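Chemist: See work06.cif below, with mmCIF, C-alpha atoms.
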data_entry
loop_
_atom_site.label_atom_id
_atom_site.label_comp_id
_atom_site.auth_asym_id
_atom_site.auth_seq_id
_atom_site.Cartn_x
_atom_site.Cartn_y
_atom_site.Cartn_z
CA MET K 1 80.09 98.17 121.39
CA LEU K 2 82.60 98.70 118.59
CA ASN K 3 84.88 101.72 118.49
CA PRO K 4 85.54 103.82 115.38
CA LYS K 5 88.30 102.36 113.24
CA LYS K 6 89.21 102.78 109.61
CA GLY K 7 87.43 100.19 107.51
CA ARG K 8 84.40 100.04 109.81
CA LEU K 9 80.99 101.43 108.97
CA LEU K 10 79.23 104.26 110.74
CA ILE K 11 75.46 103.69 110.60
CA ALA K 12 73.11 106.61 111.20
CA GLU K 13 70.66 105.96 113.99
CA PRO K 14 67.04 106.12 112.83
CA SER K 15 66.45 108.86 115.41
CA ILE K 16 68.44 111.51 113.49
CA LEU K 17 65.52 112.28 111.19
CA ASN K 18 66.18 116.04 111.06
CA ASP K 19 69.82 115.77 110.00
CA ASP K 20 69.66 116.21 106.23
CA SER K 21 73.38 115.52 105.86
CA PHE K 22 73.35 112.13 107.52
CA LYS K 23 69.88 110.68 108.05
CA ARG K 24 69.63 107.07 106.83
CA THR K 25 73.30 106.97 105.81
CA THR K 26 76.09 104.45 105.97
CA VAL K 27 79.60 105.92 106.12
CA LEU K 28 82.78 103.98 105.41
CA LEU K 29 85.49 105.24 107.77
CA THR K 30 88.71 105.72 105.83
CA GLU K 31 90.77 107.39 108.54
CA HIS K 32 90.50 107.56 112.31
CA SER K 33 92.83 109.01 114.94
CA GLU K 34 92.56 110.91 118.22
CA ASN K 35 92.48 114.16 116.23
CA SER K 36 90.11 113.43 113.36
CA THR K 37 87.92 110.97 111.51
CA VAL K 38 87.22 110.88 107.77
CA GLY K 39 84.74 108.80 105.83
CA PHE K 40 82.48 108.66 102.80
CA ILE K 41 78.70 108.21 102.64
CA LEU K 42 78.13 105.05 100.62
CA ASN K 43 74.41 105.39 99.95
CA ARG K 44 73.80 108.90 98.60
CA PRO K 45 73.99 108.73 94.79
CA LEU K 46 73.92 112.07 93.02
CA GLN K 47 72.44 112.87 89.62
CA TYR K 48 75.94 113.06 88.16
CA VAL K 49 78.09 110.52 86.40
CA LEU K 50 81.85 110.88 86.27
CA GLU K 51 82.02 112.29 82.72
CA ASP K 52 79.67 115.12 83.81
CA LEU K 53 82.42 116.31 86.15
CA ILE K 54 85.51 115.30 84.17
CA PRO K 55 84.78 115.72 80.46
CA ASP K 56 87.97 113.96 79.29
CA VAL K 57 86.88 110.74 81.00
CA GLU K 58 84.44 108.55 79.10
CA CYS K 59 82.79 106.92 82.08
CA ASP K 60 79.19 106.84 83.25
CA PHE K 61 79.88 105.63 86.81
CA THR K 62 77.59 107.25 89.37
CA VAL K 63 79.07 109.92 91.64
CA TYR K 64 77.98 109.91 95.28
CA GLN K 65 77.70 112.61 97.92
CA GLY K 66 80.58 111.70 100.22
CA GLY K 67 79.61 114.16 102.90
CA PRO K 68 79.17 117.84 103.68
CA VAL K 69 82.89 118.77 103.67
CA GLU K 70 84.70 120.04 100.54
CA GLN K 71 81.86 119.17 98.17
CA ASP K 72 83.75 120.74 95.25
CA ASN K 73 86.42 118.03 95.46
CA LEU K 74 86.24 114.58 93.91
CA TYR K 75 87.43 111.57 95.94
CA PHE K 76 87.46 107.86 95.24
CA ILE K 77 87.83 104.57 97.02
CA HIS K 78 88.53 101.33 95.20
CA ARG K 79 89.75 97.75 95.29
CA VAL K 80 92.33 97.85 92.47
CA PRO K 81 95.59 99.02 94.13
CA HIS K 82 97.60 96.90 91.69
CA LEU K 83 96.39 99.27 88.94
CA LEU K 84 96.74 102.55 90.84
CA ASP K 85 100.05 103.63 92.34
CA ASP K 86 99.96 105.69 95.52
CA SER K 87 96.75 104.06 96.81
CA ILE K 88 96.33 104.11 100.58
CA GLU K 89 94.95 100.96 102.18
CA VAL K 90 91.90 101.56 104.34
CA ALA K 91 91.15 97.96 105.36
CA ASN K 92 89.99 94.62 103.99
CA GLY K 93 91.00 95.22 100.39
CA ILE K 94 89.59 98.75 100.18
CA TYR K 95 91.90 101.58 99.13
CA TRP K 96 91.63 105.35 99.01
CA GLY K 97 92.99 107.51 96.21
CA GLY K 98 95.87 106.85 93.90
CA ASN K 99 97.38 108.19 90.69
CA PHE K 100 94.52 110.06 89.03
CA ASP K 101 96.11 110.24 85.55
CA ALA K 102 96.50 106.47 85.59
CA LEU K 103 92.90 106.16 86.75
CA LYS K 104 91.65 108.31 83.86
CA ASN K 105 93.50 106.07 81.39
CA LEU K 106 92.06 102.93 83.00
CA LEU K 107 88.54 104.35 82.90
CA ASN K 108 88.86 105.46 79.27
CA SER K 109 90.14 101.98 78.40
CA HIS K 110 87.22 100.40 80.30
CA LEU K 111 89.59 98.42 82.52
CA ILE K 112 87.77 99.26 85.76
CA GLU K 113 84.25 98.11 86.59
CA PRO K 114 81.74 100.03 88.73
CA THR K 115 82.05 97.23 91.30
CA ASP K 116 85.76 98.13 91.68
CA ILE K 117 85.46 101.82 92.56
CA ARG K 118 83.20 104.53 93.92
CA PHE K 119 83.49 108.29 93.36
CA PHE K 120 82.40 111.00 95.81
CA LEU K 121 81.92 114.73 95.88
CA GLY K 122 82.95 115.81 99.35
CA TYR K 123 83.65 113.77 102.44
CA SER K 124 82.43 113.37 106.00
CA GLY K 125 84.77 114.64 108.67
CA TRP K 126 84.86 114.95 112.44
CA GLY K 127 87.32 116.80 114.66
CA ALA K 128 88.81 115.58 117.92
CA ASN K 129 86.07 114.12 120.17
CA GLN K 130 83.30 115.23 117.78
CA LEU K 131 82.48 111.69 116.61
CA LYS K 132 82.78 110.37 120.17
CA ASP K 133 80.22 112.96 121.29
CA GLU K 134 77.87 111.95 118.45
CA LEU K 135 78.26 108.28 119.38
CA ASP K 136 77.57 109.12 123.04
CA THR K 137 74.33 110.88 122.06
CA ASN K 138 73.26 107.87 119.99
CA SER K 139 73.46 109.54 116.59
CA TRP K 140 75.39 106.56 115.19
CA PHE K 141 76.32 102.97 115.78
CA ILE K 142 79.39 101.24 114.42
CA SER K 143 79.41 98.03 112.42
CA GLU K 144 82.05 95.89 110.83
CA ASN K 145 82.16 96.08 107.06
CA ASP K 146 81.18 92.48 106.49
CA PHE K 147 79.99 92.98 102.93
CA GLN K 148 81.72 90.75 100.37
CA ASN K 149 82.21 93.76 98.08
CA ILE K 150 80.93 97.08 99.40
CA PHE K 151 80.97 98.52 95.87
CA SER K 152 78.47 95.99 94.56
CA GLU K 153 75.96 96.57 97.37
CA ASN K 154 72.70 98.25 96.44
CA GLU K 155 72.90 101.75 97.93
CA GLU K 156 69.15 101.72 98.58
CA SER K 157 69.41 98.75 100.93
CA ILE K 158 72.83 99.11 102.58
CA TRP K 159 71.50 101.13 105.56
CA LYS K 160 68.42 98.95 105.88
CA ASN K 161 70.49 95.75 105.83
CA LYS K 162 72.69 97.00 108.67
CA LEU K 163 69.60 97.84 110.76
CA LEU K 164 68.16 94.38 110.12
CA GLN K 165 71.50 92.83 111.05
CA LYS K 166 71.53 94.76 114.35
CA GLY K 167 68.01 93.46 115.09
CA GLY K 168 65.71 94.38 117.96
CA LYS K 169 64.06 97.80 117.67
CA TYR K 170 66.09 98.44 114.52
CA LYS K 171 64.00 95.96 112.53
CA ILE K 172 60.99 98.27 112.76
CA TRP K 173 63.00 101.25 111.50
CA ALA K 174 64.54 99.26 108.67
CA ASN K 175 61.17 99.03 106.92
CA ALA K 176 59.93 102.53 107.76
CA PRO K 177 59.56 104.90 104.80
CA ALA K 178 62.17 107.63 104.38
CA ASP K 179 59.44 110.17 105.19
CA ILE K 180 57.75 108.73 108.25
CA ASN K 181 54.81 111.08 107.69
CA MET K 182 54.00 108.82 104.73
CA ASN K 183 53.53 105.86 107.06
#
Kindly present the structure from the file in structure tokens form.
Modeler:
Amino acid sequence: MLNPKKGRLLIAEPSILNDDSFKRTTVLLTEHSENSTVGFILNRPLQYVLEDLIPDVECDFTVYQGGPVEQDNLYFIHRVPHLLDDSIEVANGIYWGGNFDALKNLLNSHLIEPTDIRFFLGYSGWGANQLKDELDTNSWFISENDFQNIFSENEESIWKNKLLQKGGKYKIWANAPADINMN
């Protein structure tokens, strides 16, 4: 069994059907220590595009729900650190944050593609031992981020693909409808 580590994926177990914040989610862990863990939900697109939230940016990139914490704040992860000073490496060519004024200029100049970056309202966070407790109660499993480019993955299939990859009983859940009462 893998341990939490920045750059790895946290996959919601199919059994957490009543958790509206996290059911059927895939979370990229961007920070992990003994005291806290931070990540962003990769597969919860919102009805907003970036220019809805930041009017001086001409960009129609989808904004995602990053998690239930600080949902009034905008965050971003990307793979263009050479264009954004102050980016923090997460792992495997994925970076968190950076100079936002530079980012706005790059977006307005159409120098960044949607497959280079993802924007989030809020984040997912766990305090000391909280994630460990959730892992111990089988709310999650951990997977390597083995996607070629996580930003180009279809958000509708990212959770399903990880279940299929895990195999066994997870294959059945991978094809179950979001509302199992519809089955």
Chemist: Please enumerate the residues selected by the PyMOL selection byres ((chain K and resi 118) around 8) when evaluated against the supplied file, formatted as a ChimeraX atom specification.
Modeler: /K:61-64,76-78,114-117,119-120,151
Chemist: Closest to Thr137 of chain K among K:Asp101, K:Glu13, K:Asp86, K:Asp52, using all atoms listed in the file?
Modeler: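 Going through K:Asp101, K:Glu13, K:Asp86, K:Asp52 one by one, the smallest distance to Thr137 of chain K is for K:Glu13.
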Chemist: Would you please work out which residue, of K:Ala102, K:Leu2, K:Val90, K:Leu163, is nearest to Phe40 of chain K when using only C-alpha atoms?
Modeler: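 When distances to Phe40 of chain K are compared using only C-alpha atoms, the smallest one comes from K:Val90.
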Chemist: Have a look at atom CA of Gln71 of chain K and atom CA of Gln47 of chain K and let me know their distance in Å, one decimal.
Modeler: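 Separation between atom CA of Gln71 of chain K and atom CA of Gln47 of chain K: 14.2 Å.
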Chemist: Measure the distance from atom CA of Ser124 of chain K to atom CA of Asp136 of chain K in Å and round it to one decimal.
Modeler: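 Interatomic distance, atom CA of Ser124 of chain K to atom CA of Asp136 of chain K: 18.2 Å.
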Chemist: Around all the atoms of segment 96-114 of chain K listed in the file, with 3 Å of room on each side, what axis-aligned box do you get, giving centre and edge lengths in Å to one decimal, as JSON?
Modeler:
{"center_x": 89.6, "center_y": 104.2, "center_z": 88.7, "size_x": 21.6, "size_y": 18.1, "size_z": 26.6}
Chemist: List as a list of chain:residue names the protein and nucleic acid residues near Phe22 of chain K, meaning an atom at most 10 Å away when all atoms listed in the file are counted, but skip any in the same chain fewer than 5 places from it.
Modeler: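 Listing them by chain and then by number gives K:Ile11, K:Ala12, K:Glu13, K:Ile16, K:Leu17, K:Val27, K:Ile41, K:Arg44, K:Gly67, K:Pro68, K:Ser124, K:Ser139, K:Trp140.
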Chemist: Mind dumping the selected residues with C-alpha atoms as a PDB file, in the frame of the given file?
Modeler:
ATOM      1  CA  ILE K  11      75.460 103.690 110.600  1.00  0.00           C
ATOM      2  CA  ALA K  12      73.110 106.610 111.200  1.00  0.00           C
ATOM      3  CA  GLU K  13      70.660 105.960 113.990  1.00  0.00           C
ATOM      4  CA  ILE K  16      68.440 111.510 113.490  1.00  0.00           C
ATOM      5  CA  LEU K  17      65.520 112.280 111.190  1.00  0.00           C
ATOM      6  CA  VAL K  27      79.600 105.920 106.120  1.00  0.00           C
ATOM      7  CA  ILE K  41      78.700 108.210 102.640  1.00  0.00           C
ATOM      8  CA  ARG K  44      73.800 108.900  98.600  1.00  0.00           C
ATOM      9  CA  GLY K  67      79.610 114.160 102.900  1.00  0.00           C
ATOM     10  CA  PRO K  68      79.170 117.840 103.680  1.00  0.00           C
ATOM     11  CA  SER K 124      82.430 113.370 106.000  1.00  0.00           C
ATOM     12  CA  SER K 139      73.460 109.540 116.590  1.00  0.00           C
ATOM     13  CA  TRP K 140      75.390 106.560 115.190  1.00  0.00           C
TER      14      TRP K 140
END
Chemist: List the neighbours of Cys59 of chain K out to 8 Å using all atoms listed in the file; skip same-chain residues closer than 6 positions along the sequence, and give me the result as number ranges by chain.
Modeler: K: 49-51, 107-108
Chemist: Starting from the displayed file, determine the output of the PyMOL selection byres ((chain K and resi 146-150) around 9) and express the residue list as a ChimeraX atom specification.
Modeler: /K:8,42,79,94,115-116,143-145,151-154,158
Chemist: Within 6 Å of (71.3, 103.6, 96.1), in the coordinates the file gives, what residues turn up when you count all atoms listed in the file, written out as number ranges by chain?
Modeler: K: 43, 45, 154-156
Chemist: With a distance cut-off of 12 Å and all atoms listed in the file, select the neighbouring residues of Leu164 of chain K, excluding the residue or stretch itself and same-chain residues fewer than 5 positions from it, and output the selection as a PyMOL selection string.
Modeler: chain K and resi 11+157-159+169-176
Chemist: Glu34 of chain K: which residues within 9 Å, counting only C-alpha atoms, same-chain residues fewer than 4 positions away excluded, as a PyMOL selection string?
Modeler: chain K and resi 127-129
Chemist: What do you get, as a list in words, if you spell out every residue that the PyMOL selection byres ((chain K and resi 99) around 8) selects here?
Modeler: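 With the shown file as input, the PyMOL selection byres ((chain K and resi 99) around 8) matches Leu84, Asp85, Asp86, Ser87, Gly97, Gly98, Phe100, Asp101, Ala102 and Leu103 of chain K.
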Chemist: Go ahead and write the residues just picked, C-alpha atoms, as a PDB file, in the frame of the given file.
Modeler:
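selection-v9.pdb written:
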ATOM      1  CA  LEU K  84      96.740 102.550  90.840  1.00  0.00           C
ATOM      2  CA  ASP K  85     100.050 103.630  92.340  1.00  0.00           C
ATOM      3  CA  ASP K  86      99.960 105.690  95.520  1.00  0.00           C
ATOM      4  CA  SER K  87      96.750 104.060  96.810  1.00  0.00           C
ATOM      5  CA  GLY K  97      92.990 107.510  96.210  1.00  0.00           C
ATOM      6  CA  GLY K  98      95.870 106.850  93.900  1.00  0.00           C
ATOM      7  CA  PHE K 100      94.520 110.060  89.030  1.00  0.00           C
ATOM      8  CA  ASP K 101      96.110 110.240  85.550  1.00  0.00           C
ATOM      9  CA  ALA K 102      96.500 106.470  85.590  1.00  0.00           C
ATOM     10  CA  LEU K 103      92.900 106.160  86.750  1.00  0.00           C
TER      11      LEU K 103
END
Chemist: Which is closer to Gly93 of chain K than all the others in K:Gly7, K:Tyr123, K:Asn105, K:Gln130, using all atoms listed in the file?
Modeler: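 The shortest atom-to-atom distance to Gly93 of chain K comes from K:Gly7.
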Chemist: Do you have the atom CA of Gln165 of chain K-atom CA of Leu28 of chain K distance handy?
Modeler: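 We find that atom CA of Gln165 of chain K and atom CA of Leu28 of chain K lie 16.8 Å from each other.
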Chemist: Of the candidates K:Leu10, K:Ile142, K:Leu83, K:Leu121, which one gets nearest to Leu46 of chain K if we count only C-alpha atoms?
Modeler: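 Ranked by minimum distance to Leu46 of chain K, first place goes to K:Leu121.
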Chemist: Restricting the calculation to all atoms listed in the file: of K:Gln65, K:Gly125, K:Asn3, K:His110, which residue gets closest to Thr30 of chain K?
Modeler: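 That would be K:Gly125, the residue with the smallest distance to Thr30 of chain K.
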Chemist: Looking at only C-alpha atoms, which of K:Glu113, K:Val57, K:Trp126, K:Tyr48 is the one that sits closest to Val69 of chain K?
Modeler: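 The answer is K:Trp126, which sits nearest to Val69 of chain K.
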